[in-house]
>>> print(open('target.pdb').read())   # PDB, C-alpha atoms
ATOM      1  CA  MET A   1      20.108  -3.795  58.203
ATOM      2  CA  LEU A   2      18.408  -6.737  56.498
ATOM      3  CA  HIS A   3      15.030  -5.472  57.726
ATOM      4  CA  VAL A   4      15.752  -1.980  56.378
ATOM      5  CA  ILE A   5      16.780  -3.353  52.997
ATOM      6  CA  LEU A   6      13.861  -5.778  52.629
ATOM      7  CA  TYR A   7      11.072  -3.637  54.083
ATOM      8  CA  ALA A   8      12.093  -0.085  53.128
ATOM      9  CA  ILE A   9      14.487  -0.090  50.182
ATOM     10  CA  VAL A  10      13.486  -3.123  48.091
ATOM     11  CA  PRO A  11       9.782  -2.071  47.883
ATOM     12  CA  ILE A  12      10.854   1.414  46.745
ATOM     13  CA  VAL A  13      13.146  -0.049  44.091
ATOM     14  CA  VAL A  14      10.409  -2.407  42.844
ATOM     15  CA  VAL A  15       7.678   0.257  42.628
ATOM     16  CA  MET A  16      10.048   2.873  41.195
ATOM     17  CA  SER A  17      11.241   0.334  38.603
ATOM     18  CA  ALA A  18       7.632  -0.307  37.631
ATOM     19  CA  GLY A  19       7.160   3.418  37.066
ATOM     20  CA  PHE A  20      10.439   3.640  35.156
ATOM     21  CA  ILE A  21       9.513   0.743  32.846
ATOM     22  CA  SER A  22       6.027   2.203  32.318
ATOM     23  CA  GLY A  23       7.604   5.502  31.310
ATOM     24  CA  LYS A  24      10.079   3.877  28.928
ATOM     25  CA  ARG A  25       7.311   1.826  27.289
ATOM     26  CA  GLY A  26       5.170   4.925  26.813
ATOM     27  CA  ILE A  27       2.371   3.750  29.090
ATOM     28  CA  PHE A  28       2.796   6.913  31.157
ATOM     29  CA  SER A  29       4.549  10.162  30.229
ATOM     30  CA  ALA A  30       6.296  12.933  32.152
ATOM     31  CA  ASP A  31       3.022  14.898  32.014
ATOM     32  CA  ASP A  32       1.263  11.983  33.698
ATOM     33  CA  ALA A  33       3.929  12.009  36.410
ATOM     34  CA  LYS A  34       3.190  15.679  37.080
ATOM     35  CA  LYS A  35      -0.494  14.833  37.519
ATOM     36  CA  PHE A  36       0.370  12.017  39.928
ATOM     37  CA  ASN A  37       2.647  14.400  41.827
ATOM     38  CA  LYS A  38      -0.192  16.908  42.106
ATOM     39  CA  VAL A  39      -2.438  14.256  43.653
ATOM     40  CA  VAL A  40       0.323  13.446  46.149
ATOM     41  CA  LEU A  41       1.178  17.038  47.067
ATOM     42  CA  ASP A  42      -2.368  18.448  47.142
ATOM     43  CA  TYR A  43      -4.325  15.514  48.571
ATOM     44  CA  ALA A  44      -2.562  12.332  49.713
ATOM     45  CA  LEU A  45       0.409  13.850  51.548
ATOM     46  CA  PRO A  46      -1.562  16.645  53.302
ATOM     47  CA  ALA A  47      -4.116  14.072  54.457
ATOM     48  CA  ALA A  48      -1.369  11.760  55.737
ATOM     49  CA  LEU A  49       0.362  14.587  57.601
ATOM     50  CA  PHE A  50      -2.828  16.011  59.076
ATOM     51  CA  VAL A  51      -4.416  12.820  60.377
ATOM     52  CA  SER A  52      -1.132  11.583  61.847
ATOM     53  CA  ILE A  53      -0.154  14.800  63.637
ATOM     54  CA  VAL A  54      -3.612  15.601  64.947
ATOM     55  CA  GLN A  55      -3.545  12.343  66.934
ATOM     56  CA  ALA A  56      -0.442  13.467  68.847
ATOM     57  CA  SER A  57      -0.436  15.287  72.200
ATOM     58  CA  ARG A  58       0.928  18.607  73.441
ATOM     59  CA  GLU A  59       3.680  16.720  75.217
ATOM     60  CA  ASP A  60       4.772  15.129  71.933
ATOM     61  CA  LEU A  61       5.039  18.530  70.255
ATOM     62  CA  ALA A  62       6.932  20.100  73.150
ATOM     63  CA  LYS A  63       9.380  17.201  73.168
ATOM     64  CA  ASP A  64      10.072  17.783  69.468
ATOM     65  CA  LEU A  65      11.244  21.414  69.770
ATOM     66  CA  LYS A  66      14.852  20.322  69.269
ATOM     67  CA  LEU A  67      13.752  18.409  66.192
ATOM     68  CA  THR A  68      12.337  21.598  64.689
ATOM     69  CA  LEU A  69      15.431  23.683  65.435
ATOM     70  CA  VAL A  70      17.893  21.073  64.147
ATOM     71  CA  SER A  71      15.811  20.603  60.989
ATOM     72  CA  LEU A  72      15.639  24.332  60.274
ATOM     73  CA  ILE A  73      19.296  25.113  61.010
ATOM     74  CA  GLY A  74      20.714  21.941  59.449
ATOM     75  CA  ILE A  75      18.687  21.839  56.243
ATOM     76  CA  MET A  76      18.761  25.582  55.521
ATOM     77  CA  GLY A  77      22.457  25.736  56.439
ATOM     78  CA  CYS A  78      23.201  23.024  53.855
ATOM     79  CA  PHE A  79      20.831  24.745  51.419
ATOM     80  CA  MET A  80      22.836  27.980  51.542
ATOM     81  CA  LEU A  81      26.138  26.062  51.497
ATOM     82  CA  VAL A  82      25.146  24.393  48.213
ATOM     83  CA  TYR A  83      24.110  27.780  46.806
ATOM     84  CA  PHE A  84      27.412  29.505  47.591
ATOM     85  CA  ILE A  85      29.592  26.560  46.467
ATOM     86  CA  PHE A  86      27.829  26.195  43.123
ATOM     87  CA  LYS A  87      27.769  29.950  42.555
ATOM     88  CA  TYR A  88      31.400  30.767  43.352
ATOM     89  CA  CYS A  89      33.257  27.508  42.641
ATOM     90  CA  PHE A  90      31.872  27.009  39.124
ATOM     91  CA  LYS A  91      32.482  30.070  36.974
ATOM     92  CA  LYS A  92      29.945  29.122  34.307
ATOM     93  CA  ASN A  93      27.105  29.005  36.814
ATOM     94  CA  THR A  94      24.832  31.992  37.293
ATOM     95  CA  GLY A  95      23.077  32.851  40.522
ATOM     96  CA  ALA A  96      19.952  31.235  39.076
ATOM     97  CA  ASP A  97      21.872  28.002  38.405
ATOM     98  CA  ALA A  98      23.155  28.027  41.994
ATOM     99  CA  ALA A  99      19.657  28.669  43.346
ATOM    100  CA  VAL A 100      18.242  25.689  41.439
ATOM    101  CA  SER A 101      21.134  23.499  42.586
ATOM    102  CA  ALA A 102      20.278  24.486  46.180
ATOM    103  CA  LEU A 103      16.600  23.679  45.603
ATOM    104  CA  ILE A 104      17.676  20.227  44.377
ATOM    105  CA  SER A 105      20.782  19.173  46.323
ATOM    106  CA  GLY A 106      19.931  21.280  49.380
ATOM    107  CA  SER A 107      16.456  19.836  50.000
ATOM    108  CA  PRO A 108      15.311  16.255  50.702
ATOM    109  CA  THR A 109      12.319  14.862  48.831
ATOM    110  CA  ILE A 110      10.436  14.369  52.087
ATOM    111  CA  GLY A 111       7.010  14.884  50.545
ATOM    112  CA  PHE A 112       7.380  12.085  48.024
ATOM    113  CA  LEU A 113       9.437   9.480  49.860
ATOM    114  CA  GLY A 114       9.183  10.450  53.542
ATOM    115  CA  PHE A 115       6.438   8.053  54.606
ATOM    116  CA  ALA A 116       7.540   5.383  52.106
ATOM    117  CA  VAL A 117      10.966   5.166  53.758
ATOM    118  CA  LEU A 118      10.349   6.041  57.408
ATOM    119  CA  GLU A 119       7.231   3.983  58.173
ATOM    120  CA  PRO A 120       8.667   0.564  57.186
ATOM    121  CA  ILE A 121      11.734   1.298  59.316
ATOM    122  CA  PHE A 122      10.316   3.142  62.336
ATOM    123  CA  GLY A 123       6.642   2.148  62.285
ATOM    124  CA  THR A 124       3.386   4.004  61.678
ATOM    125  CA  THR A 125       3.459   6.459  64.576
ATOM    126  CA  PRO A 126       2.715  10.174  65.148
ATOM    127  CA  ALA A 127       6.472  10.666  65.632
ATOM    128  CA  VAL A 128       7.115   9.672  62.012
ATOM    129  CA  ALA A 129       4.425  12.066  60.801
ATOM    130  CA  LEU A 130       5.900  14.895  62.859
ATOM    131  CA  VAL A 131       9.336  14.378  61.325
ATOM    132  CA  VAL A 132       7.860  14.324  57.810
ATOM    133  CA  ALA A 133       5.764  17.410  58.573
ATOM    134  CA  ILE A 134       8.565  19.460  60.133
ATOM    135  CA  VAL A 135      11.097  18.631  57.419
ATOM    136  CA  GLY A 136       8.393  19.234  54.814
ATOM    137  CA  ILE A 137       7.547  22.660  56.231
ATOM    138  CA  VAL A 138      11.235  23.630  56.261
ATOM    139  CA  ALA A 139      11.741  22.436  52.672
ATOM    140  CA  ASN A 140       8.479  23.816  51.253
ATOM    141  CA  ALA A 141       7.652  26.893  53.328
ATOM    142  CA  VAL A 142      11.241  28.086  53.869
ATOM    143  CA  GLY A 143      13.553  26.504  51.274
ATOM    144  CA  ILE A 144      11.409  27.021  48.172
ATOM    145  CA  PRO A 145      10.659  30.729  48.862
ATOM    146  CA  VAL A 146      14.351  31.406  49.587
ATOM    147  CA  GLY A 147      15.420  29.571  46.440
ATOM    148  CA  LEU A 148      12.882  31.374  44.263
ATOM    149  CA  SER A 149      13.918  34.740  45.678
ATOM    150  CA  LEU A 150      17.602  34.041  44.938
ATOM    151  CA  MET A 151      16.769  32.827  41.444
ATOM    152  CA  ASN A 152      14.534  35.785  40.577
ATOM    153  CA  THR A 153      17.186  38.197  41.826
ATOM    154  CA  SER A 154      19.761  36.603  39.525
ATOM    155  CA  LEU A 155      17.406  36.590  36.531
ATOM    156  CA  GLU A 156      16.656  40.274  37.049
ATOM    157  CA  LYS A 157      20.386  41.084  37.000
ATOM    158  CA  GLN A 158      20.905  39.052  33.820
ATOM    159  CA  GLN A 159      18.057  40.722  31.950
ATOM    160  CA  PRO A 160      17.077  44.010  33.592
ATOM    161  CA  GLY A 161      13.416  44.837  33.148
ATOM    162  CA  SER A 162      12.486  41.434  31.695
ATOM    163  CA  THR A 163      11.409  39.874  34.970
ATOM    164  CA  LYS A 164       8.652  41.385  37.077
ATOM    165  CA  LYS A 165       9.769  42.325  40.563
ATOM    166  CA  ASP A 166       7.409  40.748  43.058
ATOM    167  CA  SER A 167       7.276  41.214  46.775
ATOM    168  CA  ALA A 168       9.806  39.181  48.735
ATOM    169  CA  TRP A 169       6.900  37.752  50.715
ATOM    170  CA  LYS A 170       5.036  36.500  47.654
ATOM    171  CA  PRO A 171       6.896  33.150  47.424
ATOM    172  CA  VAL A 172       6.370  32.625  51.172
ATOM    173  CA  LEU A 173       2.641  33.296  50.954
ATOM    174  CA  HIS A 174       2.373  31.118  47.861
ATOM    175  CA  ALA A 175       4.087  28.231  49.657
ATOM    176  CA  LEU A 176       1.833  28.579  52.704
ATOM    177  CA  LYS A 177      -1.254  28.409  50.485
ATOM    178  CA  GLN A 178      -0.319  24.890  49.422
ATOM    179  CA  PRO A 179      -2.124  22.072  51.315
ATOM    180  CA  VAL A 180       1.190  20.341  52.015
ATOM    181  CA  ALA A 181       2.221  23.427  54.045
ATOM    182  CA  TRP A 182      -0.955  24.540  55.820
ATOM    183  CA  ALA A 183      -2.386  21.080  56.600
ATOM    184  CA  PRO A 184       0.362  20.119  59.104
ATOM    185  CA  ILE A 185       0.343  23.649  60.556
ATOM    186  CA  LEU A 186      -3.414  23.394  61.124
ATOM    187  CA  ALA A 187      -2.966  19.998  62.778
ATOM    188  CA  VAL A 188      -0.303  21.401  65.115
ATOM    189  CA  VAL A 189      -2.602  24.317  66.053
ATOM    190  CA  LEU A 190      -5.455  21.919  66.868
ATOM    191  CA  VAL A 191      -3.184  19.816  69.062
ATOM    192  CA  MET A 192      -1.816  22.870  70.880
ATOM    193  CA  CYS A 193      -5.390  24.045  71.528
ATOM    194  CA  GLY A 194      -6.096  20.718  73.211
ATOM    195  CA  LEU A 195      -8.858  19.699  70.806
ATOM    196  CA  GLN A 196      -9.560  15.967  70.797
ATOM    197  CA  TRP A 197      -9.634  14.438  67.322
ATOM    198  CA  PRO A 198     -12.546  11.959  66.916
ATOM    199  CA  ASP A 199     -11.385   8.484  65.920
ATOM    200  CA  TRP A 200     -14.296   8.063  63.523
ATOM    201  CA  LEU A 201     -12.968  10.895  61.319
ATOM    202  CA  SER A 202      -9.584   9.290  60.665
ATOM    203  CA  PRO A 203     -10.730   6.637  58.119
ATOM    204  CA  SER A 204     -11.991   9.385  55.796
ATOM    205  CA  PHE A 205      -8.458  10.802  55.662
ATOM    206  CA  ASN A 206      -6.618   7.486  55.741
ATOM    207  CA  LEU A 207      -8.174   6.245  52.492
ATOM    208  CA  ILE A 208      -6.447   8.910  50.373
ATOM    209  CA  ALA A 209      -3.434   9.109  52.700
ATOM    210  CA  LYS A 210      -2.532   5.472  52.002
ATOM    211  CA  ALA A 211      -1.994   6.335  48.341
ATOM    212  CA  ASN A 212       0.757   8.810  49.246
ATOM    213  CA  ALA A 213       3.852   6.614  49.343
ATOM    214  CA  SER A 214       3.036   4.203  46.511
ATOM    215  CA  MET A 215       1.890   6.885  44.076
ATOM    216  CA  ALA A 216       4.856   9.131  44.908
ATOM    217  CA  VAL A 217       7.418   6.378  44.325
ATOM    218  CA  PHE A 218       5.731   5.174  41.116
ATOM    219  CA  SER A 219       5.634   8.752  39.830
ATOM    220  CA  ALA A 220       9.326   9.172  40.666
ATOM    221  CA  GLY A 221      10.093   6.207  38.416
ATOM    222  CA  ILE A 222       8.179   7.782  35.527
ATOM    223  CA  THR A 223      10.040  11.066  36.071
ATOM    224  CA  LEU A 224      13.415   9.323  35.976
ATOM    225  CA  SER A 225      12.490   7.563  32.722
ATOM    226  CA  ALA A 226      12.140  10.942  31.016
ATOM    227  CA  ILE A 227      15.540  12.233  32.149
ATOM    228  CA  LYS A 228      18.554  12.359  29.838
ATOM    229  CA  PHE A 229      21.460  11.512  32.115
ATOM    230  CA  THR A 230      24.708  13.495  31.947
ATOM    231  CA  PHE A 231      27.758  12.921  34.138
ATOM    232  CA  ASN A 232      30.091  15.714  35.314
ATOM    233  CA  TRP A 233      31.697  17.098  38.460
ATOM    234  CA  GLN A 234      28.642  19.163  39.373
ATOM    235  CA  VAL A 235      26.454  16.062  39.272
ATOM    236  CA  VAL A 236      28.865  14.209  41.553
ATOM    237  CA  LEU A 237      29.287  17.154  43.938
ATOM    238  CA  GLY A 238      25.534  17.699  44.133
ATOM    239  CA  SER A 239      25.012  14.063  45.102
ATOM    240  CA  ILE A 240      27.785  14.233  47.724
ATOM    241  CA  MET A 241      26.300  17.399  49.241
ATOM    242  CA  LYS A 242      22.897  15.730  49.475
ATOM    243  CA  MET A 243      23.753  12.157  50.458
ATOM    244  CA  VAL A 244      26.801  12.796  52.684
ATOM    245  CA  ILE A 245      27.062  16.389  53.916
ATOM    246  CA  MET A 246      23.425  17.048  54.851
ATOM    247  CA  PRO A 247      22.847  13.904  56.965
ATOM    248  CA  LEU A 248      26.278  14.389  58.562
ATOM    249  CA  VAL A 249      25.425  17.974  59.556
ATOM    250  CA  ILE A 250      22.058  16.861  60.956
ATOM    251  CA  LEU A 251      23.705  14.053  62.928
ATOM    252  CA  ILE A 252      26.314  16.382  64.454
ATOM    253  CA  LEU A 253      23.743  19.052  65.368
ATOM    254  CA  GLY A 254      21.404  16.457  66.863
ATOM    255  CA  LEU A 255      24.179  15.026  69.033
ATOM    256  CA  LEU A 256      25.275  18.498  70.173
ATOM    257  CA  VAL A 257      21.799  19.494  71.390
ATOM    258  CA  GLY A 258      21.007  16.065  72.841
ATOM    259  CA  MET A 259      18.103  15.150  70.577
ATOM    260  CA  ASP A 260      15.942  12.144  71.347
ATOM    261  CA  ALA A 261      17.681   9.112  69.794
ATOM    262  CA  PHE A 262      14.581   7.892  67.955
ATOM    263  CA  ASN A 263      13.877  11.317  66.447
ATOM    264  CA  LEU A 264      17.512  11.796  65.504
ATOM    265  CA  LYS A 265      17.631   8.523  63.580
ATOM    266  CA  MET A 266      14.488   9.459  61.662
ATOM    267  CA  LEU A 267      15.810  12.952  60.954
ATOM    268  CA  VAL A 268      19.166  11.664  59.679
ATOM    269  CA  VAL A 269      17.410   9.229  57.324
ATOM    270  CA  SER A 270      15.137  12.072  56.164
ATOM    271  CA  ALA A 271      18.178  14.235  55.451
ATOM    272  CA  ALA A 272      19.702  11.389  53.420
ATOM    273  CA  LEU A 273      16.670  11.139  51.140
ATOM    274  CA  PRO A 274      17.277  11.923  47.444
ATOM    275  CA  PRO A 275      16.970  15.562  46.244
ATOM    276  CA  ALA A 276      13.591  17.264  46.152
ATOM    277  CA  PHE A 277      11.592  16.723  42.961
ATOM    278  CA  SER A 278      10.145  20.222  43.413
ATOM    279  CA  GLY A 279      13.550  21.617  42.467
ATOM    280  CA  ILE A 280      13.408  19.747  39.151
ATOM    281  CA  ILE A 281       9.910  21.100  38.492
ATOM    282  CA  ILE A 282      11.103  24.672  39.155
ATOM    283  CA  ALA A 283      14.198  24.137  36.984
ATOM    284  CA  ASP A 284      12.001  22.954  34.118
ATOM    285  CA  GLU A 285       9.606  25.898  34.455
ATOM    286  CA  TYR A 286      12.454  28.438  34.329
ATOM    287  CA  ASN A 287      14.573  26.399  31.863
ATOM    288  CA  THR A 288      17.521  26.720  34.245
ATOM    289  CA  TYR A 289      20.071  24.016  35.194
ATOM    290  CA  VAL A 290      17.731  21.247  33.991
ATOM    291  CA  ALA A 291      20.190  18.659  32.641
ATOM    292  CA  THR A 292      22.684  18.788  35.514
ATOM    293  CA  GLY A 293      19.982  18.992  38.170
ATOM    294  CA  THR A 294      18.024  16.008  36.891
ATOM    295  CA  SER A 295      21.202  13.975  36.497
ATOM    296  CA  SER A 296      22.178  14.732  40.091
ATOM    297  CA  LEU A 297      18.730  13.576  41.168
ATOM    298  CA  THR A 298      19.118  10.306  39.250
ATOM    299  CA  LEU A 299      22.537   9.563  40.742
ATOM    300  CA  SER A 300      21.311  10.368  44.262
ATOM    301  CA  VAL A 301      18.330   8.004  43.935
ATOM    302  CA  ILE A 302      20.726   5.184  43.005
ATOM    303  CA  LEU A 303      23.146   6.043  45.831
ATOM    304  CA  PHE A 304      20.328   6.169  48.380
ATOM    305  CA  ILE A 305      19.964   2.389  48.155
ATOM    306  CA  GLY A 306      23.327   2.090  49.893
ATOM    307  CA  PHE A 307      23.389   5.268  51.948
ATOM    308  CA  CYS A 308      20.072   4.671  53.753
ATOM    309  CA  PRO A 309      21.212   1.608  55.741
ATOM    310  CA  LEU A 310      24.696   3.131  56.055
ATOM    311  CA  TRP A 311      23.402   6.249  57.830
ATOM    312  CA  ILE A 312      21.189   4.201  60.143
ATOM    313  CA  TRP A 313      24.242   2.153  61.109
ATOM    314  CA  LEU A 314      26.451   5.235  61.567
ATOM    315  CA  THR A 315      23.783   6.969  63.668
ATOM    316  CA  ASP A 316      23.493   3.935  65.951
ATOM    317  CA  ILE A 317      27.270   3.953  66.439
ATOM    318  CA  ALA A 318      27.311   7.694  67.131
ATOM    319  CA  LEU A 319      24.490   7.413  69.677
ATOM    320  CA  LYS A 320      26.364   4.665  71.539
ATOM    321  CA  MET A 321      29.547   6.736  71.612
ATOM    322  CA  PHE A 322      27.886   9.956  72.787
TER
END
>>> encode(input="target.pdb", output="structure tokens")
Amino acid sequence: MLHVILYAIVPIVVVMSAGFISGKRGIFSADDAKKFNKVVLDYALPAALFVSIVQASREDLAKDLKLTLVSLIGIMGCFMLVYFIFKYCFKKNTGADAAVSALISGSPTIGFLGFAVLEPIFGTTPAVALVVAIVGIVANAVGIPVGLSLMNTSLEKQQPGSTKKDSAWKPVLHALKQPVAWAPILAVVLVMCGLQWPDWLSPSFNLIAKANASMAVFSAGITLSAIKFTFNWQVVLGSIMKMVIMPLVILILGLLVGMDAFNLKMLVVSAALPPAFSGIIIADEYNTYVATGTSSLTLSVILFIGFCPLWIWLTDIALKMF
């Protein structure tokens, strides 16, 4: 636990605090954070995912089939659970509000904090990259299109004729066009085809890939500095759904299917990551559920400091018992 705190959590707190202070002092703004996020999502993260996965073997991918299934079922199951709870248990919420809450509290911010948290704990290995890639594909290529479809449907019902009706596949295709989605898929295809990745090519990707974690965490601090915090039951419930329910569901599913212990621990920690920043970006673009969503994100980031080592400890106990 001391290793986890000193090598995974403390560095995140320090770098995020630096970003937060920079934002409060006006050195960087929320617009700057969006630019940093674009560098992470379009360049650093795709490079990190690609170069790490492409060095794996077919056997590694075959062994991780359970990882893929548990990630898809667990994360999307919690995603839809958040949507239905926030839609039907809070009368003031619209379907669009519920969709944004699902995009936030039903998705982990794997793209921004995945490597920053997992590598100090579990090492720099292809297995870590596979977990980040698989969870990232589920959150970006499945969760975001589903959330956007639910939100657009609600907006159309609220104001008939004011919102253009696009194809249901458009959000899916848009997500797959993003480097963070197609880069890991391309790497998996290359590995499955048995193509050997030359070692001399890796440094060209590693140079930008190394900026992924530090820039993402620093940017998160700037983003938090621009948030006006509000506290209500929806904020608390959103944080509980993200920090407690999702990792618990993943842990139970992983134990039921007999997942590899190492992969299960990484997946549980990934599920316990704070809410996805992409949900906040979407909320801001559509001016929907912004205040509550950003406040839930802030609370979850604070709670993660304690929940990260807690879930590692609970997973170790569960693995010994089962």
>>> atom_distance(input="target.pdb", atom1="atom CA of Leu72 of chain A", atom2="atom CA of Ala271 of chain A")
11.5 Å
>>> closest_atom_pairs(input="target.pdb", of="segment 93-197 of chain A", to="segment 299-315 of chain A", cutoff="10 Å", atoms="only C-alpha atoms", output="JSON lines")
{"residue": "A:Ser105", "atom": "CA", "partner": "A:Ser300", "partner_atom": "CA", "distance": 9.1}
{"residue": "A:Val117", "atom": "CA", "partner": "A:Cys308", "partner_atom": "CA", "distance": 9.1}
{"residue": "A:Ile121", "atom": "CA", "partner": "A:Ile312", "partner_atom": "CA", "distance": 9.9}
>>> atom_distance(input="target.pdb", atom1="atom CA of Ala96 of chain A", atom2="atom CA of Gly238 of chain A")
15.5 Å
>>> residues_around(input="target.pdb", residues="Tyr286 of chain A", least_positions_apart="6", cutoff="12 Å", atoms="all atoms listed in the file", output="PyMOL selection string")
chain A and resi 96-97+99-100+148+151-152+155+163+279-280
>>> atom_distance(input="target.pdb", atom1="atom CA of Asp42 of chain A", atom2="atom CA of Gly111 of chain A")
10.6 Å
>>> resolve_selection(input="target.pdb", expression="the PyMOL selection byres ((chain A and resi 175-186) around 9)", output="VMD selection string")
chain A and resid 41 to 43 45 to 47 49 to 51 53 to 54 111 130 133 to 134 136 to 137 140 to 142 144 to 145 170 to 174 187 to 191
>>> write_last_selection(input="target.pdb", atoms="C-alpha atoms", output="mmCIF file, in the frame of the given file")
data_model
loop_
_atom_site.group_PDB
_atom_site.id
_atom_site.type_symbol
_atom_site.label_atom_id
_atom_site.label_comp_id
_atom_site.auth_asym_id
_atom_site.auth_seq_id
_atom_site.Cartn_x
_atom_site.Cartn_y
_atom_site.Cartn_z
ATOM 1 C CA LEU A 41 1.178 17.038 47.067
ATOM 2 C CA ASP A 42 -2.368 18.448 47.142
ATOM 3 C CA TYR A 43 -4.325 15.514 48.571
ATOM 4 C CA LEU A 45 0.409 13.850 51.548
ATOM 5 C CA PRO A 46 -1.562 16.645 53.302
ATOM 6 C CA ALA A 47 -4.116 14.072 54.457
ATOM 7 C CA LEU A 49 0.362 14.587 57.601
ATOM 8 C CA PHE A 50 -2.828 16.011 59.076
ATOM 9 C CA VAL A 51 -4.416 12.820 60.377
ATOM 10 C CA ILE A 53 -0.154 14.800 63.637
ATOM 11 C CA VAL A 54 -3.612 15.601 64.947
ATOM 12 C CA GLY A 111 7.010 14.884 50.545
ATOM 13 C CA LEU A 130 5.900 14.895 62.859
ATOM 14 C CA ALA A 133 5.764 17.410 58.573
ATOM 15 C CA ILE A 134 8.565 19.460 60.133
ATOM 16 C CA GLY A 136 8.393 19.234 54.814
ATOM 17 C CA ILE A 137 7.547 22.660 56.231
ATOM 18 C CA ASN A 140 8.479 23.816 51.253
ATOM 19 C CA ALA A 141 7.652 26.893 53.328
ATOM 20 C CA VAL A 142 11.241 28.086 53.869
ATOM 21 C CA ILE A 144 11.409 27.021 48.172
ATOM 22 C CA PRO A 145 10.659 30.729 48.862
ATOM 23 C CA LYS A 170 5.036 36.500 47.654
ATOM 24 C CA PRO A 171 6.896 33.150 47.424
ATOM 25 C CA VAL A 172 6.370 32.625 51.172
ATOM 26 C CA LEU A 173 2.641 33.296 50.954
ATOM 27 C CA HIS A 174 2.373 31.118 47.861
ATOM 28 C CA ALA A 187 -2.966 19.998 62.778
ATOM 29 C CA VAL A 188 -0.303 21.401 65.115
ATOM 30 C CA VAL A 189 -2.602 24.317 66.053
ATOM 31 C CA LEU A 190 -5.455 21.919 66.868
ATOM 32 C CA VAL A 191 -3.184 19.816 69.062
#
>>> residues_near_point(input="target.pdb", point="(0.5, 7.5, 34.5)", cutoff="10 Å", atoms="all atoms listed in the file", output="PyMOL selection string")
chain A and resi 19+22-23+26-36+215+218-219+222
>>> resolve_selection(input="target.pdb", expression="the PyMOL selection byres ((chain A and resi 289) around 10)", output="ChimeraX atom specification")
/A:93-94,96-101,280,282-284,286-288,290-294
>>> closest_residue(input="target.pdb", among="A:Arg25, A:Lys66, A:Phe229, A:Ser57", to="Leu253 of chain A", atoms="all atoms listed in the file")
A:Lys66
>>> decode(input="target.pdb", residues="segment 217-258 of chain A", atoms="C-alpha atoms", output="PDB file, in the first residue's frame")
ATOM      1  CA  VAL A 217      -2.681  14.794 -15.201  1.00  0.00           C
ATOM      2  CA  PHE A 218      -1.462  18.407 -15.432  1.00  0.00           C
ATOM      3  CA  SER A 219      -4.341  19.224 -17.779  1.00  0.00           C
ATOM      4  CA  ALA A 220      -6.796  17.600 -15.362  1.00  0.00           C
ATOM      5  CA  GLY A 221      -5.609  20.000 -12.665  1.00  0.00           C
ATOM      6  CA  ILE A 222      -6.226  22.998 -14.928  1.00  0.00           C
ATOM      7  CA  THR A 223      -9.706  21.674 -15.751  1.00  0.00           C
ATOM      8  CA  LEU A 224     -10.576  21.291 -12.073  1.00  0.00           C
ATOM      9  CA  SER A 225      -9.440  24.862 -11.363  1.00  0.00           C
ATOM     10  CA  ALA A 226     -12.108  26.163 -13.737  1.00  0.00           C
ATOM     11  CA  ILE A 227     -14.954  24.201 -12.136  1.00  0.00           C
ATOM     12  CA  LYS A 228     -17.487  25.807  -9.803  1.00  0.00           C
ATOM     13  CA  PHE A 229     -18.176  23.107  -7.239  1.00  0.00           C
ATOM     14  CA  THR A 230     -21.737  22.351  -6.115  1.00  0.00           C
ATOM     15  CA  PHE A 231     -22.739  19.670  -3.617  1.00  0.00           C
ATOM     16  CA  ASN A 232     -26.009  17.696  -3.809  1.00  0.00           C
ATOM     17  CA  TRP A 233     -27.324  14.138  -3.754  1.00  0.00           C
ATOM     18  CA  GLN A 234     -26.706  13.620  -7.465  1.00  0.00           C
ATOM     19  CA  VAL A 235     -23.052  14.560  -7.039  1.00  0.00           C
ATOM     20  CA  VAL A 236     -22.684  12.084  -4.178  1.00  0.00           C
ATOM     21  CA  LEU A 237     -24.578   9.312  -5.985  1.00  0.00           C
ATOM     22  CA  GLY A 238     -22.560   9.825  -9.160  1.00  0.00           C
ATOM     23  CA  SER A 239     -19.319   9.451  -7.213  1.00  0.00           C
ATOM     24  CA  ILE A 240     -20.596   6.315  -5.446  1.00  0.00           C
ATOM     25  CA  MET A 241     -21.646   4.748  -8.758  1.00  0.00           C
ATOM     26  CA  LYS A 242     -18.205   5.432 -10.210  1.00  0.00           C
ATOM     27  CA  MET A 243     -15.880   4.753  -7.278  1.00  0.00           C
ATOM     28  CA  VAL A 244     -17.769   1.885  -5.587  1.00  0.00           C
ATOM     29  CA  ILE A 245     -20.306   0.182  -7.858  1.00  0.00           C
ATOM     30  CA  MET A 246     -18.276  -0.060 -11.076  1.00  0.00           C
ATOM     31  CA  PRO A 247     -15.099  -1.596  -9.580  1.00  0.00           C
ATOM     32  CA  LEU A 248     -17.262  -3.913  -7.456  1.00  0.00           C
ATOM     33  CA  VAL A 249     -19.142  -5.154 -10.537  1.00  0.00           C
ATOM     34  CA  ILE A 250     -15.865  -5.680 -12.413  1.00  0.00           C
ATOM     35  CA  LEU A 251     -14.379  -7.578  -9.468  1.00  0.00           C
ATOM     36  CA  ILE A 252     -17.401  -9.889  -9.172  1.00  0.00           C
ATOM     37  CA  LEU A 253     -17.536 -10.585 -12.924  1.00  0.00           C
ATOM     38  CA  GLY A 254     -13.793 -11.227 -13.060  1.00  0.00           C
ATOM     39  CA  LEU A 255     -13.992 -13.723 -10.199  1.00  0.00           C
ATOM     40  CA  LEU A 256     -16.990 -15.492 -11.761  1.00  0.00           C
ATOM     41  CA  VAL A 257     -15.245 -16.084 -15.102  1.00  0.00           C
ATOM     42  CA  GLY A 258     -11.875 -16.897 -13.528  1.00  0.00           C
TER      43      GLY A 258
END
